[in-house]
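**Student:** Got a file for you: coords.tsv, TSV, C-alpha atoms.
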chain	number	residue	atom	x	y	z
A	1	MET	CA	-1.76	38.74	-25.93
A	2	ARG	CA	-0.51	39.51	-29.40
A	3	VAL	CA	3.14	40.50	-29.56
A	4	GLY	CA	4.62	41.04	-32.98
A	5	PRO	CA	6.04	43.39	-35.54
A	6	VAL	CA	2.71	45.16	-36.07
A	7	TRP	CA	3.21	46.68	-32.62
A	8	THR	CA	6.80	47.72	-33.07
A	9	VAL	CA	7.45	48.89	-36.61
A	10	SER	CA	5.83	51.84	-38.31
A	11	ARG	CA	3.91	51.22	-41.47
A	12	ARG	CA	6.76	52.71	-43.47
A	13	GLY	CA	9.34	50.72	-41.57
A	14	ILE	CA	11.00	53.85	-40.19
A	15	VAL	CA	11.46	54.24	-36.45
A	16	SER	CA	12.93	57.42	-35.01
A	17	ASP	CA	15.92	57.60	-32.69
A	18	VAL	CA	13.70	58.49	-29.73
A	19	ASP	CA	11.72	55.30	-30.24
A	20	ALA	CA	14.25	52.69	-31.29
A	21	PRO	CA	14.87	50.08	-28.59
A	22	LYS	CA	14.81	46.39	-29.44
A	23	GLN	CA	11.90	44.90	-31.31
A	24	VAL	CA	9.93	42.27	-29.41
A	25	ASN	CA	8.67	39.36	-31.47
A	26	SER	CA	7.63	36.86	-28.81
A	27	LEU	CA	5.98	36.63	-25.45
A	28	SER	CA	9.16	35.20	-23.93
A	29	GLU	CA	11.08	38.31	-25.00
A	30	LEU	CA	8.40	40.47	-23.45
A	31	VAL	CA	8.71	38.59	-20.17
A	32	ASP	CA	12.50	38.96	-20.29
A	33	HIS	CA	12.25	42.73	-20.70
A	34	ALA	CA	9.66	43.05	-17.92
A	35	SER	CA	11.69	40.84	-15.57
A	36	ALA	CA	14.80	42.91	-16.21
A	37	GLU	CA	12.98	46.00	-14.95
A	38	LEU	CA	10.63	44.66	-12.26
A	39	GLY	CA	12.15	41.40	-11.09
A	40	PRO	CA	10.63	37.97	-11.82
A	41	VAL	CA	7.54	38.12	-14.05
A	42	VAL	CA	5.36	35.14	-14.98
A	43	VAL	CA	2.76	34.55	-17.68
A	44	HIS	CA	-0.68	33.41	-16.61
A	45	ASP	CA	-2.61	31.20	-19.05
A	46	PRO	CA	-0.06	31.37	-21.91
A	47	ALA	CA	-1.81	31.61	-25.30
A	48	GLY	CA	-5.15	31.20	-23.49
A	49	PRO	CA	-8.11	33.56	-23.16
A	50	ASN	CA	-6.89	35.01	-19.85
A	51	GLU	CA	-3.25	35.47	-20.73
A	52	CYS	CA	-1.56	38.27	-18.79
A	53	LEU	CA	1.71	39.16	-17.10
A	54	LEU	CA	2.05	38.99	-13.31
A	55	ARG	CA	4.74	39.82	-10.79
A	56	SER	CA	5.90	36.46	-9.49
A	57	GLY	CA	4.68	35.60	-6.02
A	58	GLU	CA	3.06	38.97	-5.25
A	59	LEU	CA	-0.48	39.44	-4.00
A	60	VAL	CA	-2.42	42.69	-3.66
A	61	VAL	CA	-4.77	42.86	-0.70
A	62	LEU	CA	-7.14	45.66	0.25
A	63	PRO	CA	-6.80	46.73	3.92
A	64	VAL	CA	-10.35	45.64	4.76
A	65	ASP	CA	-9.52	42.09	3.61
A	66	ALA	CA	-6.07	41.88	5.17
A	67	PRO	CA	-6.93	40.15	8.50
A	68	THR	CA	-8.81	37.34	6.74
A	69	VAL	CA	-6.18	36.94	4.04
A	70	ARG	CA	-3.34	36.78	6.59
A	71	LYS	CA	-5.09	33.90	8.36
A	72	ARG	CA	-5.65	32.03	5.11
A	73	LEU	CA	-2.04	32.60	4.02
A	74	ARG	CA	-0.50	31.36	7.23
A	75	GLY	CA	2.59	29.36	6.38
A	76	VAL	CA	2.43	30.36	2.72
A	77	TYR	CA	3.62	33.96	2.66
A	78	SER	CA	6.89	35.40	3.91
A	79	HIS	CA	6.30	39.13	4.49
A	80	GLU	CA	4.29	42.15	3.42
A	81	GLU	CA	4.64	45.85	2.61
A	82	ILE	CA	2.14	48.64	3.08
A	83	ALA	CA	1.37	50.41	-0.18
A	84	SER	CA	-0.92	53.32	-0.98
A	85	GLY	CA	-4.41	52.04	-0.30
A	86	ALA	CA	-3.38	48.37	-0.35
A	87	ILE	CA	-0.96	45.79	1.00
A	88	ARG	CA	1.61	43.89	-1.05
A	89	MET	CA	2.08	40.33	0.25
A	90	TYR	CA	4.95	38.11	-0.85
A	91	LEU	CA	4.52	34.36	-1.15
A	92	LYS	CA	7.24	32.00	-0.07
A	93	ALA	CA	9.53	30.84	-2.87
A	94	SER	CA	7.88	27.42	-3.00
A	95	GLU	CA	4.48	29.00	-3.67
A	96	ARG	CA	5.35	31.76	-6.15
A	97	ALA	CA	4.43	29.77	-9.24
A	98	ARG	CA	0.94	29.27	-7.76
A	99	VAL	CA	0.25	32.99	-7.38
A	100	VAL	CA	-3.10	32.92	-9.22
A	101	GLU	CA	-4.29	29.76	-7.49
A	102	VAL	CA	-3.31	31.13	-4.07
A	103	ALA	CA	-4.97	34.48	-4.82
A	104	ARG	CA	-8.24	32.73	-5.60
A	105	GLU	CA	-8.00	30.57	-2.48
A	106	VAL	CA	-7.48	33.46	-0.08
A	107	GLY	CA	-9.51	36.27	-1.66
A	108	ALA	CA	-6.64	38.38	-2.96
A	109	THR	CA	-5.49	39.32	-6.48
A	110	PRO	CA	-2.13	38.94	-8.20
A	111	ASN	CA	-0.08	42.05	-8.90
A	112	HIS	CA	-0.51	42.58	-12.66
A	113	VAL	CA	2.24	44.00	-14.84
A	114	HIS	CA	1.29	47.16	-16.73
A	115	PHE	CA	3.15	48.18	-19.83
A	116	ALA	CA	3.30	50.90	-22.41
A	117	CYS	CA	6.59	51.03	-24.14
A	118	PRO	CA	7.75	51.24	-27.72
A	119	ILE	CA	9.43	47.84	-27.67
A	120	MET	CA	5.88	46.47	-27.62
A	121	ILE	CA	3.26	49.02	-28.41
A	122	GLY	CA	3.33	52.29	-30.25
A	123	THR	CA	5.69	53.53	-32.91
A	124	SER	CA	6.87	56.81	-34.31
A	125	ARG	CA	8.57	58.03	-37.43
A	126	PRO	CA	10.14	61.35	-38.32
A	127	VAL	CA	8.22	63.97	-40.23
A	128	ILE	CA	9.59	64.42	-43.72
A	129	GLY	CA	8.95	67.66	-45.59
A	130	GLU	CA	6.89	70.52	-44.20
A	131	ARG	CA	6.52	71.16	-40.50
A	132	ILE	CA	3.29	70.12	-38.83
A	133	PRO	CA	1.16	73.06	-37.71
A	134	GLU	CA	1.13	73.41	-33.94
A	135	LEU	CA	-1.99	74.09	-31.90
A	136	LEU	CA	-1.54	76.70	-29.20
A	137	GLY	CA	-3.36	76.60	-25.91
A	138	GLU	CA	-3.03	76.27	-22.16
A	139	GLY	CA	-3.95	73.74	-19.54
A	140	THR	CA	-2.20	70.84	-17.86
A	141	VAL	CA	-2.57	67.08	-18.17
A	142	ALA	CA	-1.21	64.83	-15.42
A	143	LEU	CA	0.69	62.12	-17.32
A	144	LEU	CA	0.99	58.75	-15.56
A	145	ASP	CA	3.63	57.02	-17.66
A	146	THR	CA	7.39	56.59	-17.91
A	147	PRO	CA	9.72	59.44	-16.93
A	148	LEU	CA	9.74	62.09	-19.64
A	149	ASP	CA	13.32	61.28	-20.61
A	150	ALA	CA	12.30	57.71	-21.50
A	151	PRO	CA	10.98	56.87	-24.99
A	152	HIS	CA	7.30	56.27	-24.32
A	153	GLY	CA	6.78	59.15	-21.92
A	154	ALA	CA	8.66	61.51	-24.24
A	155	LEU	CA	6.40	60.63	-27.16
A	156	VAL	CA	3.10	60.83	-25.25
A	157	ALA	CA	4.16	64.15	-23.71
A	158	GLY	CA	5.17	65.28	-27.20
A	159	VAL	CA	1.64	64.64	-28.47
A	160	LEU	CA	0.12	66.54	-25.55
A	161	ARG	CA	2.43	69.52	-25.97
A	162	HIS	CA	2.01	69.62	-29.72
A	163	HIS	CA	-1.72	69.90	-29.22
A	164	GLY	CA	-1.57	72.72	-26.71
A	165	ALA	CA	-1.40	70.99	-23.31
A	166	SER	CA	1.21	71.34	-20.61
A	167	VAL	CA	2.42	68.14	-18.96
A	168	ARG	CA	2.78	67.32	-15.28
A	169	PRO	CA	4.58	63.96	-15.08
A	170	PHE	CA	3.84	61.27	-12.51
A	171	PRO	CA	6.14	58.33	-13.37
A	172	VAL	CA	4.37	55.01	-12.80
A	173	LEU	CA	6.50	52.96	-15.19
A	174	GLY	CA	10.22	52.43	-15.35
A	175	ALA	CA	12.28	53.75	-18.24
A	176	SER	CA	11.63	50.58	-20.24
A	177	GLY	CA	7.89	50.99	-19.78
A	178	PHE	CA	6.84	48.47	-17.12
A	179	GLY	CA	4.94	48.98	-13.89
A	180	ASP	CA	2.29	47.28	-11.77
A	181	ASP	CA	-1.13	47.63	-10.15
A	182	LEU	CA	0.14	49.09	-6.90
A	183	THR	CA	2.32	51.79	-8.43
A	184	LEU	CA	-0.47	52.96	-10.70
A	185	ALA	CA	-3.01	52.89	-7.85
A	186	ALA	CA	-0.79	55.15	-5.72
A	187	ALA	CA	-0.47	57.68	-8.54
A	188	LEU	CA	-4.21	57.63	-9.22
A	189	ARG	CA	-4.85	58.43	-5.58
A	190	ALA	CA	-2.33	61.29	-5.70
A	191	THR	CA	-3.95	62.81	-8.80
A	192	ARG	CA	-7.62	62.29	-8.00
A	193	ASP	CA	-8.26	66.03	-7.55
A	194	LEU	CA	-6.56	67.10	-10.79
A	195	PRO	CA	-8.77	67.96	-13.78
A	196	VAL	CA	-7.33	65.62	-16.44
A	197	VAL	CA	-5.23	62.51	-15.81
A	198	LEU	CA	-3.85	60.46	-18.70
A	199	VAL	CA	-2.91	56.79	-18.30
A	200	ALA	CA	-1.20	55.63	-21.49
A	201	SER	CA	-0.45	52.14	-20.17
A	202	GLY	CA	-2.50	49.21	-18.95
A	203	THR	CA	-2.88	45.51	-18.38
A	204	TYR	CA	-5.10	42.55	-19.03
A	205	SER	CA	-6.12	40.74	-15.86
A	206	PHE	CA	-6.13	37.09	-14.88
A	207	ASP	CA	-9.94	37.01	-14.71
A	208	ASP	CA	-10.80	39.88	-17.09
A	209	LEU	CA	-12.10	41.88	-14.11
A	210	CYS	CA	-10.60	45.15	-12.96
A	211	PRO	CA	-7.96	44.69	-10.25
A	212	PRO	CA	-9.78	45.91	-7.11
A	213	VAL	CA	-6.97	48.30	-6.17
A	214	LEU	CA	-7.70	50.25	-9.39
A	215	ALA	CA	-11.48	50.23	-9.07
A	216	GLY	CA	-11.63	53.68	-7.49
A	217	CYS	CA	-10.46	55.53	-10.62
A	218	GLY	CA	-12.29	58.80	-10.94
A	219	GLY	CA	-14.01	60.47	-13.84
A	220	ASN	CA	-10.94	62.66	-14.46
A	221	VAL	CA	-9.00	59.71	-15.98
A	222	VAL	CA	-8.46	59.21	-19.70
A	223	ALA	CA	-6.84	55.88	-20.57
A	224	ALA	CA	-5.54	54.16	-23.68
A	225	ALA	CA	-7.52	51.11	-24.79
A	226	GLY	CA	-4.39	49.11	-25.62
A	227	ASN	CA	-3.00	47.80	-28.89
A	228	GLY	CA	-4.06	44.17	-28.53
A	229	GLY	CA	-6.71	44.25	-31.25
A	230	SER	CA	-9.00	42.49	-28.76
A	231	GLU	CA	-12.34	42.98	-27.04
A	232	ARG	CA	-10.77	41.96	-23.72
A	233	PRO	CA	-10.92	44.92	-21.36
A	234	TRP	CA	-7.61	46.66	-20.84
A	235	TRP	CA	-7.35	48.12	-17.35
A	236	PRO	CA	-7.86	50.78	-16.13
A	237	ALA	CA	-9.42	51.85	-19.46
A	238	GLY	CA	-12.18	49.25	-19.08
A	239	LEU	CA	-13.65	50.91	-15.98
A	240	SER	CA	-16.97	52.64	-16.56
A	241	SER	CA	-15.72	55.72	-14.67
A	242	VAL	CA	-12.73	56.10	-17.01
A	243	THR	CA	-12.79	57.52	-20.55
A	244	ALA	CA	-11.32	54.69	-22.64
A	245	VAL	CA	-9.79	55.88	-25.91
A	246	GLY	CA	-9.24	53.54	-28.81
A	247	ALA	CA	-7.73	54.19	-32.22
A	248	SER	CA	-9.39	53.99	-35.60
A	249	ALA	CA	-7.17	51.06	-36.57
A	250	ALA	CA	-7.24	47.27	-36.44
A	251	PHE	CA	-4.61	47.08	-33.69
A	252	SER	CA	-6.80	48.96	-31.19
A	253	GLY	CA	-8.63	47.49	-28.24
A	254	ARG	CA	-12.35	47.56	-28.96
A	255	GLY	CA	-15.71	46.70	-27.50
A	256	PRO	CA	-18.51	48.31	-25.50
A	257	TRP	CA	-16.03	49.47	-22.86
A	258	VAL	CA	-14.29	51.82	-25.34
A	259	ASP	CA	-15.82	55.30	-25.04
A	260	VAL	CA	-13.98	57.34	-27.66
A	261	VAL	CA	-12.26	56.43	-30.92
A	262	ALA	CA	-9.63	58.92	-32.05
A	263	SER	CA	-7.00	58.96	-34.72
A	264	GLY	CA	-4.24	56.69	-33.47
A	265	VAL	CA	-2.20	56.59	-36.67
A	266	ASP	CA	0.40	59.25	-37.47
A	267	VAL	CA	-0.55	61.47	-34.52
A	268	PRO	CA	1.70	64.57	-34.55
A	269	ALA	CA	4.14	65.07	-31.68
A	270	THR	CA	6.92	67.51	-30.89
A	271	VAL	CA	9.82	66.16	-28.84
A	272	GLY	CA	12.50	68.77	-28.34
A	273	THR	CA	13.29	70.09	-31.80
A	274	SER	CA	12.03	66.95	-33.55
A	275	GLN	CA	8.60	66.49	-35.04
A	276	LEU	CA	7.28	62.94	-35.15
A	277	LEU	CA	4.22	61.00	-36.28
A	278	CYS	CA	3.18	58.48	-33.63
A	279	THR	CA	0.97	55.41	-33.95
A	280	GLY	CA	-0.78	53.58	-31.10
A	281	THR	CA	-3.65	54.01	-28.67
A	282	SER	CA	-1.34	55.81	-26.22
A	283	PHE	CA	-1.20	58.65	-28.71
A	284	ALA	CA	-4.92	58.51	-29.51
A	285	ALA	CA	-5.58	58.90	-25.78
A	286	ALA	CA	-3.12	61.80	-25.53
A	287	LEU	CA	-4.81	63.49	-28.47
A	288	HIS	CA	-8.19	63.22	-26.74
A	289	ALA	CA	-6.83	64.29	-23.34
A	290	ALA	CA	-5.37	67.44	-24.88
A	291	THR	CA	-8.89	68.50	-25.90
A	292	LEU	CA	-10.17	68.24	-22.33
A	293	VAL	CA	-7.77	70.44	-20.41
A	294	PRO	CA	-9.40	73.50	-18.88
A	295	VAL	CA	-7.98	76.78	-20.14
A	296	PRO	CA	-7.26	79.24	-17.30
Please re-express this file's structure in structure tokens.

**Tutor:**
Amino acid sequence: MRVGPVWTVSRRGIVSDVDAPKQVNSLSELVDHASAELGPVVVHDPAGPNECLLRSGELVVLPVDAPTVRKRLRGVYSHEEIASGAIRMYLKASERARVVEVAREVGATPNHVHFACPIMIGTSRPVIGERIPELLGEGTVALLDTPLDAPHGALVAGVLRHHGASVRPFPVLGASGFGDDLTLAAALRATRDLPVVLVASGTYSFDDLCPPVLAGCGGNVVAAAGNGGSERPWWPAGLSSVTAVGASAAFSGRGPWVDVVASGVDVPATVGTSQLLCTGTSFAAALHAATLVPVP
């Protein structure tokens, strides 16, 4: 998982006020930021081919598998919570560091950390000179991201609005831009009957397979391909039922799982009275989603 200045600083070195939290230059800093928002976060396979972020000691279990998993976890887990379409099981403190190993042993999956925030991925800079022409239109995109008053959500919504779409927010990430499998899965279930759903965040997984709780994504979902510059699938974008949008830039996720390549560099956005140029696959995906909304 590449974390570095290429993800956090615009090519001109100018970052706008709406997009100016701390720069993240290392994986340890990334973990610190995620842990501050979600609670303890661990890195699986650091610097290895399956590197990803996980919520410490949390397993995700589908209801059909729960009776078997409970038997296998006897004496190892402390309690559980019912989530939308799945069950969150908590390992005892002594077992939390073994979350991937335990998941494999009992037939569960870890709870992956999803992220899409400007301290890691995506940048913006102010427009200098003439105003950008706005495209007028109608239609609504369901945006599964941060709240709209947080940096990343504000920018993605700004791209959608600038290109003629209305925005219906469904926050799945905290203000700093971190969430998890279960929160996203609940929002995907809630929006499955809406025409266009945009997921501008994502995760790598511990085994490069889609977390089962996300596998039911419908064909109404457009998702960013991630800014890792890798062929590793970025979930949920990597699902065949999802339209994965990459950017025409070296930082973009790529591979046969990417369905659409859009401009992801200097994508116009309007946030309040400010006009910005945004860079990242989140904004490439928003640009594509804005073209799909049905006009009443």

**Student:** May I ask which of the residues A:Cys210, A:Leu160, A:Val99, A:Ala284 is the closest one to A:Arg232, counting all atoms listed in the file?

**Tutor:**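 Looking only at the distances to A:Arg232, the closest residue turns out to be A:Cys210.
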
**Student:** Rank A:Arg168, A:His288, A:Arg55, A:Arg72 by their smallest atom-to-atom distance to A:Arg98, using all atoms listed in the file, and report the top residue only.

**Tutor:** A:Arg55

**Student:** What separation in Å, quoted to one decimal, exists between atom CA of A:Ile87 and atom CA of A:Val61?

**Tutor:**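 About the pair atom CA of A:Ile87 and atom CA of A:Val61: they are 5.1 Å apart.
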
**Student:** Which residues are near A:Val271? Cut-off 7 Å, only C-alpha atoms, ignore same chain within fewer than 3 positions. Put them as a PDB file with C-alpha atoms, in the coordinates of the input.

**Tutor:**
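Written out: selection31.pdb:
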ATOM      1  CA  ALA A 154       8.660  61.510 -24.240  1.00  0.00           C
ATOM      2  CA  LEU A 155       6.400  60.630 -27.160  1.00  0.00           C
ATOM      3  CA  GLY A 158       5.170  65.280 -27.200  1.00  0.00           C
ATOM      4  CA  SER A 274      12.030  66.950 -33.550  1.00  0.00           C
ATOM      5  CA  GLN A 275       8.600  66.490 -35.040  1.00  0.00           C
TER       6      GLN A 275
END

**Student:** Take the point (-16.1, 54.1, -24.0) in the file's coordinates, draw a sphere of radius 9 Å around it, and report as a PyMOL selection string every protein, DNA or RNA residue with an atom inside or on it, counting all atoms listed in the file.

**Tutor:** chain A and resi 237-240+242-246+255-261

**Student:** May I have the selected residues written with C-alpha atoms, as a PDB file, keeping the file's coordinate frame?

**Tutor:**
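Full text of out.pdb as output:
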ATOM      1  CA  ALA A 237      -9.420  51.850 -19.460  1.00  0.00           C
ATOM      2  CA  GLY A 238     -12.180  49.250 -19.080  1.00  0.00           C
ATOM      3  CA  LEU A 239     -13.650  50.910 -15.980  1.00  0.00           C
ATOM      4  CA  SER A 240     -16.970  52.640 -16.560  1.00  0.00           C
ATOM      5  CA  VAL A 242     -12.730  56.100 -17.010  1.00  0.00           C
ATOM      6  CA  THR A 243     -12.790  57.520 -20.550  1.00  0.00           C
ATOM      7  CA  ALA A 244     -11.320  54.690 -22.640  1.00  0.00           C
ATOM      8  CA  VAL A 245      -9.790  55.880 -25.910  1.00  0.00           C
ATOM      9  CA  GLY A 246      -9.240  53.540 -28.810  1.00  0.00           C
ATOM     10  CA  GLY A 255     -15.710  46.700 -27.500  1.00  0.00           C
ATOM     11  CA  PRO A 256     -18.510  48.310 -25.500  1.00  0.00           C
ATOM     12  CA  TRP A 257     -16.030  49.470 -22.860  1.00  0.00           C
ATOM     13  CA  VAL A 258     -14.290  51.820 -25.340  1.00  0.00           C
ATOM     14  CA  ASP A 259     -15.820  55.300 -25.040  1.00  0.00           C
ATOM     15  CA  VAL A 260     -13.980  57.340 -27.660  1.00  0.00           C
ATOM     16  CA  VAL A 261     -12.260  56.430 -30.920  1.00  0.00           C
TER      17      VAL A 261
END

**Student:** In Å, how far is it from atom CA of A:Gly164 to atom CA of A:Asn227?

**Tutor:**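 Computing the Euclidean distance for atom CA of A:Gly164 and atom CA of A:Asn227 yields 25.1 Å.
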
**Student:** Skip A:Gly219 itself and residues of its chain fewer than 3 positions away, then list as a ChimeraX atom specification all residues within 12 Å of it, counting only C-alpha atoms.

**Tutor:** /A:188,191-198,215-216,222-223,236-237,239-244

**Student:** Since we have the selection now, will you write its residues out, keeping C-alpha atoms, as a CSV table (one decimal), in the frame of the given file?

**Tutor:**
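Now in result_15.csv:
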chain,number,residue,atom,x,y,z
A,188,LEU,CA,-4.2,57.6,-9.2
A,191,THR,CA,-4.0,62.8,-8.8
A,192,ARG,CA,-7.6,62.3,-8.0
A,193,ASP,CA,-8.3,66.0,-7.6
A,194,LEU,CA,-6.6,67.1,-10.8
A,195,PRO,CA,-8.8,68.0,-13.8
A,196,VAL,CA,-7.3,65.6,-16.4
A,197,VAL,CA,-5.2,62.5,-15.8
A,198,LEU,CA,-3.8,60.5,-18.7
A,215,ALA,CA,-11.5,50.2,-9.1
A,216,GLY,CA,-11.6,53.7,-7.5
A,222,VAL,CA,-8.5,59.2,-19.7
A,223,ALA,CA,-6.8,55.9,-20.6
A,236,PRO,CA,-7.9,50.8,-16.1
A,237,ALA,CA,-9.4,51.8,-19.5
A,239,LEU,CA,-13.6,50.9,-16.0
A,240,SER,CA,-17.0,52.6,-16.6
A,241,SER,CA,-15.7,55.7,-14.7
A,242,VAL,CA,-12.7,56.1,-17.0
A,243,THR,CA,-12.8,57.5,-20.6
A,244,ALA,CA,-11.3,54.7,-22.6
